[in-house]
file upload_39.pdb (PDB, C-alpha atoms)
ATOM      1  CA  MET A   1      32.376  42.116 -32.253
ATOM      2  CA  ARG A   2      34.802  39.294 -32.940
ATOM      3  CA  ALA A   3      33.986  37.205 -36.006
ATOM      4  CA  LEU A   4      33.157  33.585 -35.300
ATOM      5  CA  SER A   5      35.602  31.040 -36.579
ATOM      6  CA  LYS A   6      34.256  28.036 -38.448
ATOM      7  CA  GLY A   7      32.328  25.692 -36.190
ATOM      8  CA  GLU A   8      33.085  27.691 -33.078
ATOM      9  CA  LEU A   9      29.708  28.929 -32.015
ATOM     10  CA  THR A  10      26.487  28.145 -33.724
ATOM     11  CA  LEU A  11      23.009  29.527 -33.532
ATOM     12  CA  HIS A  12      22.191  27.035 -30.806
ATOM     13  CA  GLY A  13      24.962  27.904 -28.357
ATOM     14  CA  TYR A  14      28.007  25.903 -27.343
ATOM     15  CA  SER A  15      29.965  24.403 -30.167
ATOM     16  CA  ASP A  16      31.537  20.986 -30.270
ATOM     17  CA  ARG A  17      34.883  22.712 -29.994
ATOM     18  CA  ARG A  18      33.843  24.432 -26.752
ATOM     19  CA  ILE A  19      32.652  21.127 -25.331
ATOM     20  CA  ARG A  20      35.944  19.499 -26.289
ATOM     21  CA  GLU A  21      37.788  22.319 -24.538
ATOM     22  CA  LEU A  22      35.733  21.751 -21.429
ATOM     23  CA  GLU A  23      36.335  18.036 -21.680
ATOM     24  CA  ALA A  24      40.105  18.646 -21.799
ATOM     25  CA  ALA A  25      39.817  21.032 -18.875
ATOM     26  CA  LYS A  26      37.773  18.476 -16.941
ATOM     27  CA  LEU A  27      40.445  15.837 -17.464
ATOM     28  CA  LYS A  28      43.010  18.185 -15.961
ATOM     29  CA  THR A  29      40.934  19.416 -13.044
ATOM     30  CA  PRO A  30      37.866  17.186 -12.789
ATOM     31  CA  LEU A  31      36.461  18.587  -9.566
ATOM     32  CA  ALA A  32      36.874  22.237 -10.443
ATOM     33  CA  LYS A  33      35.148  21.830 -13.788
ATOM     34  CA  SER A  34      32.375  19.392 -13.029
ATOM     35  CA  ALA A  35      30.239  22.178 -11.545
ATOM     36  CA  ASP A  36      30.737  24.176 -14.750
ATOM     37  CA  LEU A  37      29.637  21.208 -16.819
ATOM     38  CA  GLU A  38      26.563  20.704 -14.695
ATOM     39  CA  ALA A  39      25.690  24.394 -15.011
ATOM     40  CA  MET A  40      26.118  24.133 -18.762
ATOM     41  CA  TYR A  41      23.944  21.016 -18.853
ATOM     42  CA  VAL A  42      21.134  22.870 -17.100
ATOM     43  CA  GLU A  43      21.518  25.829 -19.428
ATOM     44  CA  VAL A  44      21.457  23.716 -22.590
ATOM     45  CA  LYS A  45      18.491  21.731 -21.299
ATOM     46  CA  ALA A  46      16.576  24.953 -20.706
ATOM     47  CA  ARG A  47      17.445  26.093 -24.217
ATOM     48  CA  ARG A  48      16.100  22.853 -25.661
ATOM     49  CA  ALA A  49      12.857  23.235 -23.727
ATOM     50  CA  GLU A  50      12.523  26.831 -24.928
ATOM     51  CA  ALA A  51      13.125  25.833 -28.538
ATOM     52  CA  LEU A  52      10.572  23.015 -28.374
ATOM     53  CA  ALA A  53       8.017  25.329 -26.774
ATOM     54  CA  LEU A  54       8.479  27.747 -29.654
ATOM     55  CA  VAL A  55       8.039  24.950 -32.199
ATOM     56  CA  LYS A  56       4.892  23.812 -30.425
ATOM     57  CA  LYS A  57       3.522  27.338 -30.501
ATOM     58  CA  GLU A  58       4.422  28.197 -34.098
ATOM     59  CA  GLY A  59       4.388  24.807 -35.804
ATOM     60  CA  LEU A  60       7.008  22.519 -37.278
ATOM     61  CA  VAL A  61       7.166  24.469 -40.521
ATOM     62  CA  LEU A  62       7.035  28.168 -41.250
ATOM     63  CA  ILE A  63       5.946  29.891 -44.438
ATOM     64  CA  GLN A  64       8.542  32.244 -45.792
ATOM     65  CA  ASP A  65       8.008  34.901 -48.450
ATOM     66  CA  LYS A  66      10.479  34.900 -51.305
ATOM     67  CA  TYR A  67      10.873  36.798 -54.533
ATOM     68  CA  SER A  68      11.754  35.263 -57.849
ATOM     69  CA  ALA A  69      14.334  36.762 -60.213
ATOM     70  CA  ARG A  70      11.452  38.496 -61.965
ATOM     71  CA  GLY A  71      10.320  40.068 -58.730
ATOM     72  CA  GLU A  72       7.290  37.822 -58.225
ATOM     73  CA  LEU A  73       6.374  37.005 -54.674
ATOM     74  CA  TYR A  74       6.096  33.321 -53.751
ATOM     75  CA  GLN A  75       6.043  31.346 -50.547
ATOM     76  CA  VAL A  76       8.076  28.380 -49.379
ATOM     77  CA  ARG A  77       7.742  26.133 -46.366
ATOM     78  CA  ILE A  78      10.838  25.918 -44.209
ATOM     79  CA  PRO A  79      11.480  23.854 -41.081
ATOM     80  CA  HIS A  80      11.185  25.954 -37.958
ATOM     81  CA  PRO A  81      14.680  27.296 -37.095
ATOM     82  CA  ALA A  82      14.093  26.353 -33.449
ATOM     83  CA  LEU A  83      14.214  22.680 -34.504
ATOM     84  CA  ALA A  84      17.905  23.122 -35.299
ATOM     85  CA  ILE A  85      18.384  24.736 -31.898
ATOM     86  CA  ALA A  86      16.668  21.795 -30.192
ATOM     87  CA  ARG A  87      18.659  19.261 -32.215
ATOM     88  CA  GLY A  88      21.938  20.976 -31.404
ATOM     89  CA  ALA A  89      21.023  21.130 -27.742
ATOM     90  CA  GLU A  90      20.205  17.407 -27.719
ATOM     91  CA  LEU A  91      23.615  16.535 -29.144
ATOM     92  CA  GLN A  92      25.288  18.733 -26.555
ATOM     93  CA  LEU A  93      23.224  17.236 -23.755
ATOM     94  CA  ALA A  94      24.322  13.742 -24.778
ATOM     95  CA  THR A  95      27.985  14.797 -24.751
ATOM     96  CA  LEU A  96      27.660  16.671 -21.474
ATOM     97  CA  ALA A  97      25.823  13.773 -19.866
ATOM     98  CA  LYS A  98      28.765  11.504 -20.677
ATOM     99  CA  LEU A  99      31.223  14.010 -19.231
ATOM    100  CA  ILE A 100      29.387  14.461 -15.959
ATOM    101  CA  GLY A 101      28.453  10.802 -15.687
ATOM    102  CA  ALA A 102      24.729  11.394 -15.996
ATOM    103  CA  GLU A 103      24.086   8.795 -18.631
ATOM    104  CA  PRO A 104      20.700   7.084 -18.543
ATOM    105  CA  GLU A 105      20.359   3.752 -16.741
ATOM    106  CA  PRO A 106      20.593   0.787 -19.094
ATOM    107  CA  ARG A 107      17.136  -0.511 -19.908
ATOM    108  CA  ASP A 108      15.883  -3.701 -18.320
ATOM    109  CA  LYS A 109      16.444  -6.848 -20.367
ATOM    110  CA  THR A 110      13.492  -8.663 -21.828
ATOM    111  CA  ALA A 111      12.766 -12.312 -21.006
ATOM    112  CA  SER A 112      13.985 -13.475 -24.402
ATOM    113  CA  GLU A 113      17.216 -11.518 -24.009
ATOM    114  CA  VAL A 114      17.797 -13.086 -20.582
ATOM    115  CA  MET A 115      17.161 -16.557 -22.010
ATOM    116  CA  ALA A 116      19.421 -15.898 -24.991
ATOM    117  CA  GLU A 117      22.236 -14.809 -22.669
ATOM    118  CA  ALA A 118      21.648 -17.819 -20.405
ATOM    119  CA  ASN A 119      21.853 -20.156 -23.398
ATOM    120  CA  GLU A 120      25.042 -18.446 -24.507
ATOM    121  CA  MET A 121      26.559 -18.995 -21.049
ATOM    122  CA  LEU A 122      25.455 -22.631 -21.010
ATOM    123  CA  GLU A 123      26.972 -23.143 -24.427
ATOM    124  CA  GLU A 124      30.207 -21.556 -23.200
ATOM    125  CA  ALA A 125      30.140 -23.948 -20.238
ATOM    126  CA  GLY A 126      29.659 -26.835 -22.660
ATOM    127  CA  ILE A 127      26.185 -27.664 -21.335
ATOM    128  CA  ARG A 128      23.648 -28.827 -23.878
ATOM    129  CA  THR A 129      20.182 -27.328 -23.536
ATOM    130  CA  ASN A 130      16.846 -29.045 -24.391
TER     131      ASN A 130
ATOM    132  CA  MET B 131      20.865 -30.815 -13.868
ATOM    133  CA  THR B 132      23.855 -32.873 -12.903
ATOM    134  CA  ASP B 133      26.861 -32.260 -10.642
ATOM    135  CA  ALA B 134      29.065 -32.141 -13.742
ATOM    136  CA  GLN B 135      26.895 -29.432 -15.300
ATOM    137  CA  VAL B 136      27.094 -27.382 -12.107
ATOM    138  CA  THR B 137      30.881 -27.741 -12.149
ATOM    139  CA  SER B 138      31.001 -26.598 -15.783
ATOM    140  CA  MET B 139      28.790 -23.641 -14.956
ATOM    141  CA  VAL B 140      31.048 -22.607 -12.056
ATOM    142  CA  GLU B 141      34.136 -22.984 -14.241
ATOM    143  CA  MET B 142      32.534 -20.836 -16.917
ATOM    144  CA  ALA B 143      31.745 -18.072 -14.382
ATOM    145  CA  HIS B 144      35.283 -18.244 -12.977
ATOM    146  CA  ALA B 145      36.683 -18.037 -16.506
ATOM    147  CA  ARG B 146      34.630 -14.871 -16.970
ATOM    148  CA  GLY B 147      36.289 -13.422 -13.885
ATOM    149  CA  CYS B 148      33.569 -14.043 -11.293
ATOM    150  CA  ARG B 149      35.540 -16.064  -8.735
ATOM    151  CA  GLU B 150      32.784 -15.616  -6.151
ATOM    152  CA  PHE B 151      30.333 -17.728  -8.184
ATOM    153  CA  ASN B 152      29.910 -20.957  -6.211
ATOM    154  CA  ARG B 153      28.167 -24.315  -6.672
ATOM    155  CA  TYR B 154      24.944 -23.030  -5.160
ATOM    156  CA  ASP B 155      24.873 -20.170  -7.706
ATOM    157  CA  GLY B 156      25.624 -22.625 -10.485
ATOM    158  CA  SER B 157      22.832 -25.001  -9.531
ATOM    159  CA  LEU B 158      20.453 -22.055  -9.079
ATOM    160  CA  PHE B 159      21.329 -20.813 -12.559
ATOM    161  CA  LEU B 160      20.687 -24.216 -14.116
ATOM    162  CA  MET B 161      17.453 -24.735 -12.199
ATOM    163  CA  CYS B 162      16.108 -21.322 -13.292
ATOM    164  CA  GLN B 163      16.996 -22.101 -16.876
ATOM    165  CA  GLU B 164      15.163 -25.452 -16.638
ATOM    166  CA  LEU B 165      12.141 -23.829 -14.986
ATOM    167  CA  LEU B 166      11.958 -21.205 -17.716
ATOM    168  CA  GLN B 167      12.196 -23.818 -20.426
ATOM    169  CA  SER B 168       9.117 -25.561 -19.074
ATOM    170  CA  ASP B 169       7.331 -22.326 -18.055
ATOM    171  CA  PRO B 170       8.583 -19.199 -19.874
ATOM    172  CA  GLY B 171       6.237 -17.060 -17.759
ATOM    173  CA  ASN B 172       7.954 -17.917 -14.458
ATOM    174  CA  ALA B 173       8.761 -14.378 -13.281
ATOM    175  CA  LYS B 174      10.713 -15.450 -10.187
ATOM    176  CA  ALA B 175      12.997 -17.755 -12.168
ATOM    177  CA  LEU B 176      13.521 -15.033 -14.759
ATOM    178  CA  SER B 177      14.368 -12.499 -12.085
ATOM    179  CA  VAL B 178      16.894 -14.817 -10.411
ATOM    180  CA  LEU B 179      18.444 -15.778 -13.753
ATOM    181  CA  LYS B 180      18.830 -12.098 -14.578
ATOM    182  CA  GLU B 181      20.465 -11.483 -11.190
ATOM    183  CA  LEU B 182      22.910 -14.334 -11.726
ATOM    184  CA  GLN B 183      23.820 -12.982 -15.142
ATOM    185  CA  VAL B 184      24.505  -9.580 -13.581
ATOM    186  CA  PHE B 185      26.555 -11.354 -10.898
ATOM    187  CA  ILE B 186      28.694 -13.132 -13.497
ATOM    188  CA  ALA B 187      29.136  -9.956 -15.530
ATOM    189  CA  THR B 188      29.839  -7.504 -12.719
ATOM    190  CA  ARG B 189      30.826  -9.703  -9.721
ATOM    191  CA  GLU B 190      28.186  -7.834  -7.760
ATOM    192  CA  LYS B 191      25.234  -9.873  -6.594
ATOM    193  CA  PRO B 192      21.969  -7.944  -6.700
ATOM    194  CA  THR B 193      19.972  -8.490  -3.522
ATOM    195  CA  SER B 194      16.475  -9.835  -3.810
ATOM    196  CA  PHE B 195      14.465 -12.551  -2.145
ATOM    197  CA  ASP B 196      13.160 -14.091  -5.366
ATOM    198  CA  GLU B 197      15.500 -17.094  -5.084
ATOM    199  CA  PHE B 198      13.823 -18.082  -1.808
ATOM    200  CA  ALA B 199      10.490 -18.333  -3.621
ATOM    201  CA  LEU B 200      11.953 -21.049  -5.847
ATOM    202  CA  PRO B 201      12.549 -24.726  -5.043
ATOM    203  CA  VAL B 202      15.909 -25.698  -3.543
ATOM    204  CA  PRO B 203      18.222 -26.349  -6.516
ATOM    205  CA  TYR B 204      19.216 -30.003  -6.003
ATOM    206  CA  THR B 205      21.193 -31.807  -8.656
ATOM    207  CA  THR B 206      20.127 -35.248  -9.915
ATOM    208  CA  GLU B 207      22.891 -36.877  -7.837
ATOM    209  CA  GLU B 208      21.853 -35.008  -4.700
ATOM    210  CA  LEU B 209      18.235 -36.094  -5.143
ATOM    211  CA  ARG B 210      19.364 -39.711  -5.629
ATOM    212  CA  ARG B 211      21.443 -39.583  -2.455
ATOM    213  CA  GLN B 212      18.458 -38.271  -0.510
ATOM    214  CA  GLN B 213      16.259 -41.172  -1.555
TER     215      GLN B 213
END
call {"tool": "encode", "arguments": {"input": "upload_39.pdb", "output": "structure tokens"}}
result
Amino acid sequence: MRALSKGELTLHGYSDRRIRELEAAKLKTPLAKSADLEAMYVEVKARRAEALALVKKEGLVLIQDKYSARGELYQVRIPHPALAIARGAELQLATLAKLIGAEPEPRDKTASEVMAEANEMLEEAGIRTN
Amino acid sequence: MTDAQVTSMVEMAHARGCREFNRYDGSLFLMCQELLQSDPGNAKALSVLKELQVFIATREKPTSFDEFALPVPYTTEELRRQQ
């Protein structure tokens, strides 16, 4: 089995480098690669769901047995390894979403934000409010 | 709202690249702003103001009928001429 180079492939699947490669490929042939990106998005999303299901089943932290230098057994709490998988998948999903143009809709502005923008426009137009 | 304010509003929108913004849009914008100042809970005015802001920013006018639920946006001069 080929040894992994630094940062190439992590426990949670596609590396940043792989995504960058796909991004470069997409820029060259956008139509040919967009289906690949969508397939990857679905795959990574499924991995995230699987990781979160495992965390829900086994808990956020796990207890791990360890031995001291004197051979005494002790236990430590460690974050569930699937959390790292989920986190990695989330980062990849965000990158992939940008590449395939599936970014979330911008949220609706609040009333105060609308008023603030209106006042800014009025000020720009040289119209005094109040 | 005065004719001069409407003109300034239209000029501001044109300066931001929205050449389609006309005097009616300008007076509607100013009327909504005035309505919201006196009644911050006016949902129709807020909705129309939001639409006009999107229009200025993107040059695409969102379609809704909220503006027809508001009074006709007459300027002070227009009201005076009517009397």
call {"tool": "atom_distance", "arguments": {"input": "upload_39.pdb", "atom1": "atom CA of Cys148 of chain B", "atom2": "atom CA of Glu190 of chain B"}}
result
8.9 Å
call {"tool": "axis_aligned_box", "arguments": {"input": "upload_39.pdb", "around": "segment 147-164 of chain B", "padding_each_side": "4 Å", "output": "AutoDock Vina command-line options"}}
result
--center_x 25.7 --center_y -19.4 --center_z -11.0 --size_x 29.1 --size_y 20.0 --size_z 19.7
call {"tool": "resolve_selection", "arguments": {"input": "upload_39.pdb", "expression": "the ChimeraX specification (/A :<7) & /B", "output": "list in words"}}
result
Gln135, Ser138, Met139, Met142, Leu176 and Lys180 of chain B
call {"tool": "closest_residue", "arguments": {"input": "upload_39.pdb", "among": "B:Ala145, B:Val136, B:Thr206, B:Phe159", "to": "Val184 of chain B", "atoms": "only C-alpha atoms"}}
result
B:Phe159
call {"tool": "residues_around", "arguments": {"input": "upload_39.pdb", "residues": "Thr137 of chain B", "least_positions_apart": "3", "cutoff": "10 Å", "atoms": "only C-alpha atoms", "output": "number ranges by chain"}}
result
A: 125; B: 132-134, 140-143, 152-153, 156-157
call {"tool": "atom_distance", "arguments": {"input": "upload_39.pdb", "atom1": "atom CA of Glu38 of chain A", "atom2": "atom CA of Gly88 of chain A"}}
result
17.3 Å
call {"tool": "resolve_selection", "arguments": {"input": "upload_39.pdb", "expression": "the PyMOL selection byres ((chain B and resi 201) around 12)", "output": "list of chain:residue names"}}
result
B:Ser157, B:Leu158, B:Met161, B:Cys162, B:Glu164, B:Leu165, B:Lys174, B:Ala175, B:Asp196, B:Glu197, B:Phe198, B:Ala199, B:Leu200, B:Val202, B:Pro203, B:Tyr204, B:Thr205
call {"tool": "write_last_selection", "arguments": {"input": "upload_39.pdb", "atoms": "C-alpha atoms", "output": "compact mmCIF listing (two decimals), in the coordinates of the input"}}
result
# COMPACT_ATOMS: atom_id res chain seq x y z
CA SER B 157 22.83 -25.00 -9.53
CA LEU B 158 20.45 -22.06 -9.08
CA MET B 161 17.45 -24.74 -12.20
CA CYS B 162 16.11 -21.32 -13.29
CA GLU B 164 15.16 -25.45 -16.64
CA LEU B 165 12.14 -23.83 -14.99
CA LYS B 174 10.71 -15.45 -10.19
CA ALA B 175 13.00 -17.76 -12.17
CA ASP B 196 13.16 -14.09 -5.37
CA GLU B 197 15.50 -17.09 -5.08
CA PHE B 198 13.82 -18.08 -1.81
CA ALA B 199 10.49 -18.33 -3.62
CA LEU B 200 11.95 -21.05 -5.85
CA VAL B 202 15.91 -25.70 -3.54
CA PRO B 203 18.22 -26.35 -6.52
CA TYR B 204 19.22 -30.00 -6.00
CA THR B 205 21.19 -31.81 -8.66
call {"tool": "closest_residue", "arguments": {"input": "upload_39.pdb", "among": "B:Tyr154, B:Met131, B:Thr193, B:Leu166", "to": "Leu209 of chain B", "atoms": "all atoms listed in the file"}}
result
B:Met131
call {"tool": "decode", "arguments": {"input": "upload_39.pdb", "residues": "chain B", "atoms": "C-alpha atoms", "output": "CSV table (one decimal), in the first residue's frame"}}
result
chain,number,residue,atom,x,y,z
B,131,MET,CA,-41.0,64.1,1.1
B,132,THR,CA,-40.3,66.7,-1.4
B,133,ASP,CA,-39.6,66.6,-5.2
B,134,ALA,CA,-36.0,67.5,-4.5
B,135,GLN,CA,-35.6,64.5,-2.1
B,136,VAL,CA,-37.0,62.2,-4.7
B,137,THR,CA,-34.6,63.6,-7.3
B,138,SER,CA,-31.7,63.0,-4.8
B,139,MET,CA,-32.9,59.5,-4.2
B,140,VAL,CA,-33.0,58.7,-7.9
B,141,GLU,CA,-29.6,60.2,-8.4
B,142,MET,CA,-28.2,58.0,-5.6
B,143,ALA,CA,-29.7,54.9,-7.1
B,144,HIS,CA,-28.3,55.8,-10.5
B,145,ALA,CA,-24.9,56.4,-9.0
B,146,ARG,CA,-25.1,52.9,-7.5
B,147,GLY,CA,-25.6,51.6,-11.0
B,148,CYS,CA,-29.4,51.1,-11.0
B,149,ARG,CA,-30.4,53.2,-14.0
B,150,GLU,CA,-33.9,51.7,-14.0
B,151,PHE,CA,-34.8,53.3,-10.6
B,152,ASN,CA,-37.3,56.0,-11.5
B,153,ARG,CA,-39.1,58.8,-9.7
B,154,TYR,CA,-42.0,56.5,-8.6
B,155,ASP,CA,-39.5,54.1,-7.0
B,156,GLY,CA,-37.8,57.0,-5.3
B,157,SER,CA,-41.0,58.4,-3.9
B,158,LEU,CA,-42.1,54.9,-2.8
B,159,PHE,CA,-38.8,54.5,-1.0
B,160,LEU,CA,-39.1,57.8,0.8
B,161,MET,CA,-42.7,57.1,1.7
B,162,CYS,CA,-41.9,53.7,3.1
B,163,GLN,CA,-39.1,55.1,5.2
B,164,GLU,CA,-41.5,57.8,6.6
B,165,LEU,CA,-44.2,55.2,7.3
B,166,LEU,CA,-41.7,53.0,9.2
B,167,GLN,CA,-40.4,56.0,11.2
B,168,SER,CA,-43.9,56.6,12.5
B,169,ASP,CA,-44.9,52.9,12.7
B,170,PRO,CA,-42.0,50.5,12.9
B,171,GLY,CA,-44.4,47.6,12.8
B,172,ASN,CA,-45.7,48.4,9.3
B,173,ALA,CA,-44.9,45.1,7.6
B,174,LYS,CA,-46.0,46.2,4.1
B,175,ALA,CA,-43.8,49.3,4.2
B,176,LEU,CA,-40.9,47.2,5.4
B,177,SER,CA,-41.4,44.6,2.7
B,178,VAL,CA,-41.5,47.3,-0.1
B,179,LEU,CA,-38.5,49.1,1.4
B,180,LYS,CA,-36.6,45.8,1.4
B,181,GLU,CA,-37.6,45.1,-2.2
B,182,LEU,CA,-36.4,48.6,-3.3
B,183,GLN,CA,-33.1,48.0,-1.6
B,184,VAL,CA,-32.7,44.7,-3.5
B,185,PHE,CA,-33.7,46.6,-6.7
B,186,ILE,CA,-31.0,49.2,-6.1
B,187,ALA,CA,-28.4,46.6,-5.2
B,188,THR,CA,-29.1,44.0,-7.9
B,189,ARG,CA,-31.1,46.0,-10.6
B,190,GLU,CA,-33.7,43.2,-10.3
B,191,LYS,CA,-37.1,44.2,-9.0
B,192,PRO,CA,-38.7,41.6,-6.8
B,193,THR,CA,-42.3,41.1,-7.7
B,194,SER,CA,-44.9,41.5,-5.0
B,195,PHE,CA,-48.1,43.3,-4.5
B,196,ASP,CA,-47.3,44.9,-1.2
B,197,GLU,CA,-46.7,48.3,-2.7
B,198,PHE,CA,-50.4,48.4,-3.9
B,199,ALA,CA,-51.5,48.0,-0.2
B,200,LEU,CA,-49.7,51.3,0.6
B,201,PRO,CA,-50.9,54.8,-0.1
B,202,VAL,CA,-50.0,56.5,-3.4
B,203,PRO,CA,-46.6,58.1,-2.8
B,204,TYR,CA,-47.3,61.8,-3.5
B,205,THR,CA,-44.6,64.4,-2.8
B,206,THR,CA,-45.5,67.6,-0.8
B,207,GLU,CA,-45.5,69.6,-4.1
B,208,GLU,CA,-47.8,67.1,-5.8
B,209,LEU,CA,-50.2,67.2,-2.9
B,210,ARG,CA,-50.2,71.0,-3.0
B,211,ARG,CA,-50.9,71.0,-6.7
B,212,GLN,CA,-53.9,68.7,-6.2
B,213,GLN,CA,-55.5,71.1,-3.7
